[in-house]
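Notes to accompany the following structure.
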Amino acid sequence: MSAAGCSPREEPMTRPEKFQRRSHLYRVCREAGAHWRAMNDFGVPAHYGDVDGETAAAAHLAIADLTALPRAGYKGWGMADWIQGQGVSLPEPNRALRQEDGTLACRLSSGELLLLADDDQASLIDRLSETWSMDDAVCFPVPRADASARLAVTGDESAAMMAKMCGVDLRGHRFADHAIAQTSVARMNVIVLRNDRGASPAYDLIFDSASAVYLWGCLVDAMAEFSGRIVGIDALDALRG
Amino acid sequence: MIPGRLPTLPGQLIDRSRPLSFTFDGHRREGYAGDTVTSALLAAGVRVLSRSFKYHRPRGTLSAAGHDANSFVQIGDEPNVVADTRLVEDGMVVEAQNVFGSLDNDRARLLDHFGRFLPVGFYYKTFYRPKGAWKVWEPVVRRLAGLGTVNPSTPHGYYDKQYLWADVVVVGGGPAGMAAALEAAAVDRAVEVLLVEENPQLGGSLTYARFDTEGERAARERKTLVAAVEGCDNIRVLAGAVANGWFTDHFIPVIQGNRMFKVRAGSVVVASGSWEQPLVFRNNDLPGVMYGSAAQRLINRYGVRPGGRAVIATANADGYAAALDLIGAGVDIAAVAELGPNVPRHDLAAAVSDHGVPIMPRSTVVEAEPGPWKDTIEAARIAEITGPGTTAARHDVHDCDTIVTSVGWQPAANLVWHAGGRTPYNETTSMLEIGKLPEGMHAAGSVAGCFRIDTVIEEGRRAGWLAARDAGFNGTAMPAVRNDRGETGQNHPWPMFEHPKGRDFVDFDEDLQIHDLKDAVSEGYTHIELMKRFSTCGMGPSQGRHSWLNAIRLNARENGISVNEAGMTTQRPPYTAEKLGVLAGRSFEPERLTAMHWRHVEAGARMMQAGAWYRPEHYGGDDRDAVIEAESRHVREKVGLIDVSTLGGLEIRGPDAADMMERMYTWAYRKQLVGRARYTLMTDMTGVITDDGVACRLHENHYYVTATTSGVDGVYQEMLFWNAQWRLRVDITNVTGAWCGVNIAGPRSRAVLTRLTDEKLDAESFPYMAVRQANVAGIPCRLLRVGFVGELGYELHCPAHSGEALWDALMEAGRDHNIRPFGVECQRLLRLEKGHIIVSQDTDGLTNPLEADMDWALAKKRPFFIGKRSIDIQRDNVERKLVGFEIESRDRDGSIPRECHLVIRDGDITGRVTSCSYSPTLDKVIGLAYVAPDQAEPGSTFQVRIKSGRVDGRRVRITPDTYVACRVVPLPFYDPENARQEPGNAGP
C-alpha cells in the first residue's frame with residue numbers, strides 16, 4: 001500500500017456524518033486529517049494519509065480510535081452458565097480469551113463478560129444478541145457498544161506512556177498479553193486490556209464514551225514526549241499482519 | 001586573595017569549553033556549563049548571596065549543597081531558588097530577594113542594629129495591642145521578612161507525573177547507594193533497581209570528599225562504582241532527582257525537574273548521606289564561614305577557590321581533609337583549631353601538620369571579626385575550650401577571609417523518619433543514630449553513622465542484598481561486612497560557644513541565636529515541640545537540617561534532661577520544598593460531552609458545567625434573560641428541543657425487578673403496566689429525598705429508570721449496596737452513557753415527530769406517561785411521553801453513538817415548524833411554571849417528602865421502602881412546607897427573591913426560597929419556598945428578606961434589608977388541568 005493510496009476497503013468520499021452512528025471522536029480525527037472507511041454503520045478513521053508511516057509509528061507509540069468495532073457485554077448471576085452454553089470459552093476473571101471467530105472474551109468478574117471484536121466481523125456477538133431473550137434471562141446485555149468508547153494504544157513506548165496516567169504496572173513483563181486491569185486512567189474508570197498487535201505491545205482502553213474527547217486529549221498530550229502519533233485502523237491491521 | 005577559579009582538576013563537573021554568562025543583581029557574571037549559581041558567583045569573587053530573613057544580615061554559602069536558605073535567590077518568576085544547586089544557564093537573570101534597594105546596599109540591614117528589640121517570639125506579644133494593631137503591623141512584618149516574590153500572573157508551566165515500579169529503590173547515589181544498587185542487581189538479573197540521586201551526577205561524597213592524604217581514593221572509587229552502575233542493565237538511575245517522602249507500602253514520590261515520579265517499591269535502601277553541622281560562635285553567619293564539605297565541594301566539583309586565607313575549626317578528620325584540599329587549592333591556612341583535647345594521630349592531621357599549619361588542640365573559633373561593611377571576614381578569634389560551651393578569656397587573632405568548620409554530622413534520615421523509624425541520640429558519639437528500621441527498609445553509609453569508606457561500601461552491599469531479599473529475590477550469599485566503622489569522634493558533643501554580644505546563630509534560616517532558644521525555654525516553652533513553635537527553630541526552608549541537632553542539645557541542657565529525653569519533633573514529608581505545580585501535575589479533570597455537544601456549540605450555546613457534563617445553558621445572545629424568555633415562549637407556542645442526555649439511566653432487570661423497585665422507591669411499581677412510565681422518588685434511611693426520575697416498564701422483568709444528572713451514580717451505588725444484602729434476582733446496570741436523550745416539547749412536537757416514525761403518536765395510541773420502543777429516523781429509540789416542561793412532549797432516548805444523527809433528524813424535520821433548541825435555564829423556568837421540583841435545588845439534605853408536599857408519591861400501604869419508617873415517624877411533626885408563591889412586582893432587578901433568600905416572620909427564620917423567576921408566560925414573578933406549616937395555606941402571605949447589592953466603583957455596596965411580600969398560591973402555576981398535553985387544547 002502506498003503512502004498516498006487508500007486501503008482496498010476505503011471509500012474516499014466517506015464522511016462520518018453520513019452514518020447514523022458516530023464516534024464521539026470523529027471531529028478530532030477529522031481535524032487530524034482522517035481518511036474514512038465504512039464499518040459497522042460508522043465512518044471509521046482508516047488512516048491519516050501515511051499508512052506506512054503510521055504503521056511504523058504504531059510499533060513505536062500510537063493511538064487509534066476503535067470505537068466503531070463491535071462489542072457487547074453480558075452480566076448477571078447466570079452469566080457463566082448461559083454464555084458457556086452458547087459455546088463461549090470463559091477465561092479467569094481479569095483475563096481475556098480469543099474465541100474461534102476471533103472475538104476476545106474479556107471476563108471482568110465471575111458474573112460479567114465483555115466481548116470485543118478486532119474487526120467488523122462479529123459473528124459471535126451477533127449470534128449472542130439474537131439468541132438472548134428477556135423472558136428467561138439469567139444474565140443481561142450491557143450496552144457496551146454505546147456506553148463505551150474503545151481506543152488502542154500501541155507500540156514499544158506504550159507502557160511508559162501509560163505510566164503517566166495509570167497506577168497499574170502495565171509493562172510487558174508484568175502485565176501479560178490478554179491481562180485485564182479495571183482501574184483508573186487519568187482519573188477515569190477504564191478497562192485496560194493488553195491486546196498485542198503482532199509483535200507490538202498494545203493496550204485497548206474501554207471507557208465511558210461521553211469522556212472520549214477528554215481521554216483522547218490526555219493521551220495525545222501524554223504521548224507527545226515520546227513522539228507518538230494518531231494512526232488509523234489500517235496501521236493496526238498492518239501490525240497484526 | 002579573593003575566591004576565584006582554579007586550574008583544571010580531575011573530577012570537576014564544569015565544562016570549561018562552554019562558557020556562560022548571566023546576571024546577578026544586575027551585574028554580568030561569567031561561569032561554565034556545570035556551574036551552580038553559587039559556584040559561578042564565588043568564582044567571580046561574589047560571596048554575598050542573600051540577606052537573612054529577620055535581620056537582613058549578609059549571607060554567603062554555608063553548605064554549598066542547599067542545606068540552608070543562605071543561597072536562596074530569585075530567578076525570573078521563580079522565588080527561593082537554591083543557588084547552591086541550580087545550574088547556571090546562559091542569559092539567566094538572577095536576583096537577590098528580600099532586599100530593599102540592592103543586595104550590597106540593603107536599607108533593611110539597619111534592623112540588625114535593633115536586634116535587642118526583636119527578641120524571640122516578639123511578634124507574638126508586640127503587635128496585638130491596642131486592638132487592631134496587628135492588622136497595621138502584619139503587612140509591615142511580612143514585607144520585611146519575605147522570601148522572594150511570587151508573581152500571580154506567572155504562566156502555567158507544564159508539570160507532569162509518572163508512575164514507576166521497582167523491586168528495590170536506593171535513595172542516594174553515593175558510595176553506599178551505588179554499592180547497594182549493584183549488590184541488589186547482582187542477586188538476580190530480574191531485580192529491578194532504581195537508584196535515585198539528588199545531584200546531577202552519581203558519586204555523592206566521592207565527588208568532593210577526601211579519604212586519603214593523596215586525595216586519589218575518592219575519584220578512583222567513584223570511577224569504579226559509576227562504571228559498574230552504568231554497565232548494569234537492571235539498574236535505572238534517576239539523577240537530579242529527590243526522593244521527597246516515604247509513604248505506606250514503600251510509595252515514594254521522586255521529583256525530577258517538573259515531573260513527579262510516583263514510585264512503588266518492593267523495598268528501600270536509604271543511603272541519603274548526612275548534613276554537616278555548624279559551629280556556633282559570634283558572627284558565624286558572615287559570608288566566608290562555611291562547612292569543610294562546602295569548601296571541598298567548591299574546590300573539587302567546580303574548581304573554585306573558596307578564599308585566600310582560612311582558619312579551620314574541626315572536631316573530626318573531615319576538617320583535616322578539607323584543610324588538605326584547601327592547601328591544594330592554594331589557600332593559606334592560618335591555623336587549625338582542634339576542638340578535641342589532642343591533635344589527632346591520623347594521617348590526615350599529620351599531613352596538614354607537615355604543611356606547616358599550626359594545629360591548636362582544645363581550641364575553637366569564638367568570633368569572626370567582620371570587615372568594615374560587615375559582609376566580609378577580617379580575622380578569626382580562637383580561644384582555648386575550658387568546658388562544654390565555655391572558653392578562656394584570652395583570644396588569639398588570626399587574619400583570614402575564610403573560616404571553615406567541621407564539627408559534626410546529622411543523618412539525612414528523613415525517609416526513615418517518614419516511615420516511622422527512630423534516630424536516638426548516642427551520648428558516646430554525640431550523633432543521632434538510626435535505630436530499628438521499618439520492614440523492607442535498610443540504611444547504609446553516613447546516614448547510618450558509617451564514615452569509613454571501605455565499610456561504607458561493604459554496608460551498602462549488604463543493605464542492597466537485604467533489600468533484594470525483602471523484595472522476594474534470592475540468588476547470592478549475603479555479603480560480609482567488616483566490623484570497623486572508623487573513628488567514633490565525628491561529632492563534637494557541644495559545638496556551641498555563646499558570646500555575650502550574641503550573633504551566634506543556631507538557625508540561619510530564622511536568625512535564631514543561642515540566647516533566643518534559651519529565652520524560649522525560660523519563658524516556659526520547655527517542651528521541644530513548644531520551643532520549636534515559639535522560636536520557629538527548624539521551621540524555615542531548611543527544616544532544621546543545620547539547626548535541629550544543636551537546638552535539641554540546648555533544650556536538653558536548659559531543661560536539665562538528656563538529649564533523648566528532650567526528643568525530636570515529628571518529621572513529615574516532604575523532604576525538600578516542592579512546587580505546587582509538581583504536586584498538581586497535569587490536570588486530570590474528566591469531562592463528559594453528550595453526543596450532541598458540538599451541535600450545541602455550533603448553534604451558539606453558552607455551555608455550563610453540570611458535574612462532569614457540559615450542558616447548554618442557553619443559545620446565543622448577550623441578554624441572558626431575554627434569550628431564556630424567548631426560548632420559553634417558543635416552547636410554549638411552537639416547538640423546542642433540549643438535550644437531556646445527562647440524565648441518569650439505570651436498567652433494573654430480572655424476575656425480582658418489581659420487588660427491587662418497590663424497595664428502592666417510594667411509590668408502587670408492581671402493578672405498573674408494561675409500556676407505561678411512572679414518577680420515581682427515592683429517599684434514604686432517614687426519609688430524606690435523594691433523587692427522582694421516571695420508571696419505564698419495558699417488560700415484566702425490566703424497568704428503565706431515569707435519575708438526576710448529579711444523582712445517578714449515588715443511586716446506582718445505593719442499589720448495589722442494598723441488593724448485596726437483599727440478594728434479589730435482579731441485575732442493576734448504569735447505562736447513563738449508553739443512551740442519549742432529547743426532549744422535544746411544544747404544541748407542534750407531535751407534528752414534527754410524526755415525520756420521523758411509523759409509531760402512532762395520537763393521544764389514544766400513545767397517551768400521557770406511555771412508553772414505546774420504536775425507530776425514529778431509522779434509529780432505535782425509547783419514547784417517553786412525559787411533560788416535565790408542561791407541554792405536549794416526548795423524551796427520545798437512543799443509543800449514544802446515534803445521538804447526533806437523531807438531533808440532526810429532529811432539527812431537520814422541525815425546520816418547517818420553526819423548531820429551535822432550548823437550554824437548561826429555559827427548562828428550569830418551564831418546570832417551575834409547572835410546579836415541578838428539582839431535587840437538590842428545591843430539596844436539601846434534610847427534606848422529606850412530607851415537607852416537599854409529595855405525600856402523593858408515597859405508597860402508604862406498602863410495608864417497606866427505604867425511608868418509609870422515618871417518614872412515618874415524622875408525619876405528625878412536619879416543621880416546614882414547600883409552597884408555590886407569587887409576587888406582583890415586575891421589578892426584575894430589585895425585588896425578585898433569589899435562591900436561599902430567607903422567609904422571615906417576627907425576626908425569626910421560618911423558611912427560604914428555593915426557586916424564583918419571572919415567568920413571561922404568566923407575567924408574574926413566581927417561586928417555590930419553604931415556609932412554616934401555618935404559612936402554607938393558599939392565600940397566606942409571608943415576607944422574604946432580600947439582600948441586594950450594587951457595584952459602586954470597585955466596591956459592592958449592600959443595600960439595607962428589603963422585604964418582599966409573597967402570596968402562597970396552589971401549584972402548578974401553569975396549566976393545572978394538564979390540558980396542554982393534547983394539541984387540541986394547545987396554542988395560546
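By order in the C-alpha cells, chains are A, B, ...; within a chain, residues start at 1; ligands start at 1, following the order shown.
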Within 9 Å of segment 538-546 of chain B, counting only C-alpha atoms, which residues qualify if same-chain residues fewer than 5 places away don't, as a list in words?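 In the requested form, the answer reads Gly66, His67, Asp68, Ala69, Trp275, Glu276, Gln277, Pro278, Gln410, Ala412, Val506, Asp507, Phe508, Asp509, Glu510, Lys532, Arg533, Ala551, Gln571, Tyr575, Thr576 and Ala577 of chain B.
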Please find the residues of chain B near chain A - the criterion being any atom within 8 Å, counting only C-alpha atoms - and write them as a ChimeraX atom specification. /B:160-165,588-595,653-654,699,701,729-731,733,735-739,779,799-806
Keeping C-alpha atoms for every residue in the selection just given, could you write it to a file as a CSV table (one decimal), in the first residue's frame?
chain,number,residue,atom,x,y,z
B,160,ASP,CA,3.8,16.0,34.9
B,161,LYS,CA,3.5,12.9,36.9
B,162,GLN,CA,4.5,9.3,36.1
B,163,TYR,CA,4.3,6.1,38.0
B,164,LEU,CA,7.4,4.0,38.3
B,165,TRP,CA,7.9,0.5,39.7
B,588,PHE,CA,-6.8,15.4,35.1
B,589,GLU,CA,-10.3,16.7,35.3
B,590,PRO,CA,-12.6,14.3,33.5
B,591,GLU,CA,-15.2,15.9,31.3
B,592,ARG,CA,-18.2,14.3,29.7
B,593,LEU,CA,-19.7,15.5,26.5
B,594,THR,CA,-23.0,14.4,25.1
B,595,ALA,CA,-23.2,13.1,21.5
B,653,ARG,CA,-33.8,-6.4,35.1
B,654,GLY,CA,-34.7,-9.8,36.4
B,699,HIS,CA,-41.0,-5.9,30.2
B,701,ASN,CA,-38.9,-8.1,34.3
B,729,ARG,CA,-32.6,-11.9,41.4
B,730,VAL,CA,-32.1,-8.7,39.7
B,731,ASP,CA,-29.4,-7.1,37.7
B,733,THR,CA,-26.8,-1.6,35.3
B,735,VAL,CA,-26.5,2.9,31.3
B,736,THR,CA,-26.2,6.7,31.6
B,737,GLY,CA,-23.5,6.9,29.0
B,738,ALA,CA,-25.1,4.4,26.7
B,739,TRP,CA,-28.2,6.4,26.0
B,779,ILE,CA,-32.7,4.9,14.9
B,799,PRO,CA,-28.0,4.7,21.6
B,800,ALA,CA,-25.4,7.3,22.4
B,801,HIS,CA,-23.5,6.9,19.1
B,802,SER,CA,-26.7,7.8,17.2
B,803,GLY,CA,-27.4,10.8,19.3
B,804,GLU,CA,-26.1,13.4,16.9
B,805,ALA,CA,-27.9,11.8,14.0
B,806,LEU,CA,-31.2,11.9,15.9
Determine, counting only C-alpha atoms, which protein, DNA and RNA residues have an atom within 10 Å of an atom of Thr569 of chain B; residues of the same chain fewer than 5 positions away are not included. Present the result as an MDAnalysis selection string. chainID B and resid 527:530 532 538 548 552
Would you mind listing what lies within 10 Å of Glu662 of chain B as a list of chain:residue names, with only C-alpha atoms counted and same-chain residues fewer than 2 positions away left out?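 Listed by chain and then number, they are B:Ala657, B:Ala658, B:Asp659, B:Met660, B:Met664, B:Tyr665, B:Thr666, B:Trp667, B:Ala668, B:Tyr669, B:Arg670, B:Thr680, B:Ala859, B:Arg862, B:Phe864, B:Phe865, B:Ile866.
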Those same residues, written as a short mmCIF file (atom, residue, chain, number, x, y, z; two decimals), in the first residue's frame with C-alpha atoms?
data_model
loop_
_atom_site.label_atom_id
_atom_site.label_comp_id
_atom_site.auth_asym_id
_atom_site.auth_seq_id
_atom_site.Cartn_x
_atom_site.Cartn_y
_atom_site.Cartn_z
CA ALA B 657 -37.16 -6.26 39.30
CA ALA B 658 -40.54 -5.05 40.55
CA ASP B 659 -39.64 -6.03 44.10
CA MET B 660 -36.39 -4.09 43.79
CA MET B 664 -35.86 1.44 46.43
CA TYR B 665 -38.58 3.93 45.50
CA THR B 666 -41.47 5.36 47.45
CA TRP B 667 -44.30 4.63 45.03
CA ALA B 668 -45.89 1.42 43.70
CA TYR B 669 -44.46 -0.33 40.65
CA ARG B 670 -45.54 -3.95 40.87
CA THR B 680 -39.99 7.79 40.96
CA ALA B 859 -47.11 4.16 48.83
CA ARG B 862 -46.67 -0.93 51.37
CA PHE B 864 -41.46 -1.17 53.33
CA PHE B 865 -39.42 1.08 51.15
CA ILE B 866 -36.17 2.67 52.15
#
DSSP strand (DSSP E or B) selection over segment 28-238 of chain A, as a PyMOL selection string: chain A and resi 35-39+42-47+62-65+71-75+95-98+104-109+112-116+140-142+148-154+166+179-185+188-194+197+200+202-208+229-230
Tell me, which residues of segment 104-190 of chain A carry DSSP alpha helix (DSSP H), written as a list in words?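 Here are the alpha helix (DSSP H) residues of segment 104-190 of chain A: Ser123, Leu124, Ile125, Asp126, Arg127, Leu128, Ser129, Glu130, Thr131, Arg144, Ala145, Asp146, Ala147, Ser158, Ala159, Ala160, Met161 and Met162 of chain A.
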Using the selection just defined, write its residues with C-alpha atoms as a PDB file, in the first residue's frame.
ATOM      1  CA  SER A 123     -20.332 -13.418  14.323  1.00  0.00           C
ATOM      2  CA  LEU A 124     -20.287 -14.398  17.975  1.00  0.00           C
ATOM      3  CA  ILE A 125     -21.523 -11.017  19.144  1.00  0.00           C
ATOM      4  CA  ASP A 126     -24.323 -11.063  16.588  1.00  0.00           C
ATOM      5  CA  ARG A 127     -25.284 -14.641  17.423  1.00  0.00           C
ATOM      6  CA  LEU A 128     -25.479 -13.984  21.139  1.00  0.00           C
ATOM      7  CA  SER A 129     -27.560 -10.900  20.558  1.00  0.00           C
ATOM      8  CA  GLU A 130     -30.037 -12.855  18.501  1.00  0.00           C
ATOM      9  CA  THR A 131     -30.181 -15.706  20.996  1.00  0.00           C
ATOM     10  CA  ARG A 144     -21.105  -1.706  25.638  1.00  0.00           C
ATOM     11  CA  ALA A 145     -21.339  -0.628  22.019  1.00  0.00           C
ATOM     12  CA  ASP A 146     -22.680   2.760  23.053  1.00  0.00           C
ATOM     13  CA  ALA A 147     -21.777   3.047  26.714  1.00  0.00           C
ATOM     14  CA  SER A 158       3.019   2.415  25.211  1.00  0.00           C
ATOM     15  CA  ALA A 159       3.611   1.134  28.741  1.00  0.00           C
ATOM     16  CA  ALA A 160       5.903   4.054  29.544  1.00  0.00           C
ATOM     17  CA  MET A 161       3.329   6.482  28.258  1.00  0.00           C
ATOM     18  CA  MET A 162       0.509   4.804  30.140  1.00  0.00           C
TER      19      MET A 162
END
Distance query Leu206 of chain B at most 9 Å, only C-alpha atoms, self and fewer than 5 positions along chain excluded, as a PyMOL selection string: chain B and resi 174-175+211+217-222
Residue contacts of segment 838-855 of chain B (10 Å, only C-alpha atoms) excluding same-chain residues fewer than 2 positions away, as number ranges by chain: B: 666, 681-684, 686-693, 708, 710-711, 828, 831-832, 835-836, 857-860, 867, 870-872, 874-883, 899-900, 912-915, 928-933
Now that the selection is made, can you save its residues with C-alpha atoms as a PDB file, in the first residue's frame?
ATOM      1  CA  THR B 666     -41.474   5.357  47.455  1.00  0.00           C
ATOM      2  CA  LEU B 681     -38.992   9.343  44.262  1.00  0.00           C
ATOM      3  CA  MET B 682     -36.107   7.972  46.286  1.00  0.00           C
ATOM      4  CA  THR B 683     -35.478   8.597  49.969  1.00  0.00           C
ATOM      5  CA  ASP B 684     -32.706   7.444  52.213  1.00  0.00           C
ATOM      6  CA  THR B 686     -33.778   8.895  57.297  1.00  0.00           C
ATOM      7  CA  GLY B 687     -36.564   9.663  54.874  1.00  0.00           C
ATOM      8  CA  VAL B 688     -34.709  12.442  53.129  1.00  0.00           C
ATOM      9  CA  ILE B 689     -35.329  12.869  49.411  1.00  0.00           C
ATOM     10  CA  THR B 690     -32.244  11.848  47.477  1.00  0.00           C
ATOM     11  CA  ASP B 691     -33.357  11.566  43.869  1.00  0.00           C
ATOM     12  CA  ASP B 692     -36.253  11.391  41.467  1.00  0.00           C
ATOM     13  CA  GLY B 693     -36.942  10.376  37.901  1.00  0.00           C
ATOM     14  CA  THR B 708     -30.930  13.102  38.030  1.00  0.00           C
ATOM     15  CA  SER B 710     -25.783  14.502  39.545  1.00  0.00           C
ATOM     16  CA  GLY B 711     -27.587  11.794  41.462  1.00  0.00           C
ATOM     17  CA  ARG B 828     -35.786  25.280  34.722  1.00  0.00           C
ATOM     18  CA  ARG B 831     -40.723  23.314  35.003  1.00  0.00           C
ATOM     19  CA  LEU B 832     -41.107  25.998  37.683  1.00  0.00           C
ATOM     20  CA  GLY B 835     -44.521  23.423  39.736  1.00  0.00           C
ATOM     21  CA  HIS B 836     -42.105  20.535  39.329  1.00  0.00           C
ATOM     22  CA  ALA B 857     -45.776   9.895  45.829  1.00  0.00           C
ATOM     23  CA  LEU B 858     -45.706   7.667  48.932  1.00  0.00           C
ATOM     24  CA  ALA B 859     -47.106   4.160  48.833  1.00  0.00           C
ATOM     25  CA  LYS B 860     -48.747   4.200  52.232  1.00  0.00           C
ATOM     26  CA  GLY B 867     -37.025   5.619  54.347  1.00  0.00           C
ATOM     27  CA  SER B 870     -38.554   7.515  59.128  1.00  0.00           C
ATOM     28  CA  ILE B 871     -41.183   9.304  57.080  1.00  0.00           C
ATOM     29  CA  ASP B 872     -43.974   7.728  59.083  1.00  0.00           C
ATOM     30  CA  GLN B 874     -42.120  12.409  61.042  1.00  0.00           C
ATOM     31  CA  ARG B 875     -45.648  12.504  59.659  1.00  0.00           C
ATOM     32  CA  ASP B 876     -47.062  14.328  62.671  1.00  0.00           C
ATOM     33  CA  ASN B 877     -44.136  16.670  63.065  1.00  0.00           C
ATOM     34  CA  VAL B 878     -43.708  18.492  59.793  1.00  0.00           C
ATOM     35  CA  GLU B 879     -41.880  21.735  60.535  1.00  0.00           C
ATOM     36  CA  ARG B 880     -41.924  23.323  57.106  1.00  0.00           C
ATOM     37  CA  LYS B 881     -43.719  23.027  53.824  1.00  0.00           C
ATOM     38  CA  LEU B 882     -42.715  23.714  50.270  1.00  0.00           C
ATOM     39  CA  VAL B 883     -45.206  26.054  48.664  1.00  0.00           C
ATOM     40  CA  GLU B 899     -32.467  31.186  45.903  1.00  0.00           C
ATOM     41  CA  CYS B 900     -31.825  30.932  49.640  1.00  0.00           C
ATOM     42  CA  ARG B 912     -36.204  30.013  52.484  1.00  0.00           C
ATOM     43  CA  VAL B 913     -36.734  30.482  48.790  1.00  0.00           C
ATOM     44  CA  THR B 914     -35.585  27.561  46.635  1.00  0.00           C
ATOM     45  CA  SER B 915     -36.568  28.734  43.158  1.00  0.00           C
ATOM     46  CA  LEU B 928     -41.040  27.894  45.457  1.00  0.00           C
ATOM     47  CA  ALA B 929     -40.201  28.375  49.110  1.00  0.00           C
ATOM     48  CA  TYR B 930     -40.185  26.568  52.391  1.00  0.00           C
ATOM     49  CA  VAL B 931     -42.426  28.227  54.949  1.00  0.00           C
ATOM     50  CA  ALA B 932     -43.821  27.332  58.342  1.00  0.00           C
ATOM     51  CA  PRO B 933     -46.811  24.955  58.088  1.00  0.00           C
TER      52      PRO B 933
END
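If you measure from each of B:Pro58, B:Gly489, B:Gly319, B:Pro655 to Asp375 of chain B using only C-alpha atoms, the closest one turns out to be B:Pro58.
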Excluding Asp354 of chain B and its own-chain neighbours fewer than 5 positions away, which residues fall within 12 Å of it when counting only C-alpha atoms? Please give them as an MDAnalysis selection string. chainID B and resid 213 320 323:324 327 347:349 359
Could the residues in this selection be saved with C-alpha atoms as an mmCIF file, in the first residue's frame?
data_model
loop_
_atom_site.group_PDB
_atom_site.id
_atom_site.type_symbol
_atom_site.label_atom_id
_atom_site.label_comp_id
_atom_site.auth_asym_id
_atom_site.auth_seq_id
_atom_site.Cartn_x
_atom_site.Cartn_y
_atom_site.Cartn_z
ATOM 1 C CA THR B 213 46.246 12.006 52.152
ATOM 2 C CA TYR B 320 41.847 17.965 58.061
ATOM 3 C CA ALA B 323 42.471 21.576 55.012
ATOM 4 C CA LEU B 324 44.454 19.464 52.578
ATOM 5 C CA ILE B 327 46.074 23.804 50.673
ATOM 6 C CA ASP B 347 47.415 10.543 58.608
ATOM 7 C CA LEU B 348 45.317 13.492 57.505
ATOM 8 C CA ALA B 349 46.234 15.552 60.555
ATOM 9 C CA ILE B 359 47.168 22.881 64.960
#
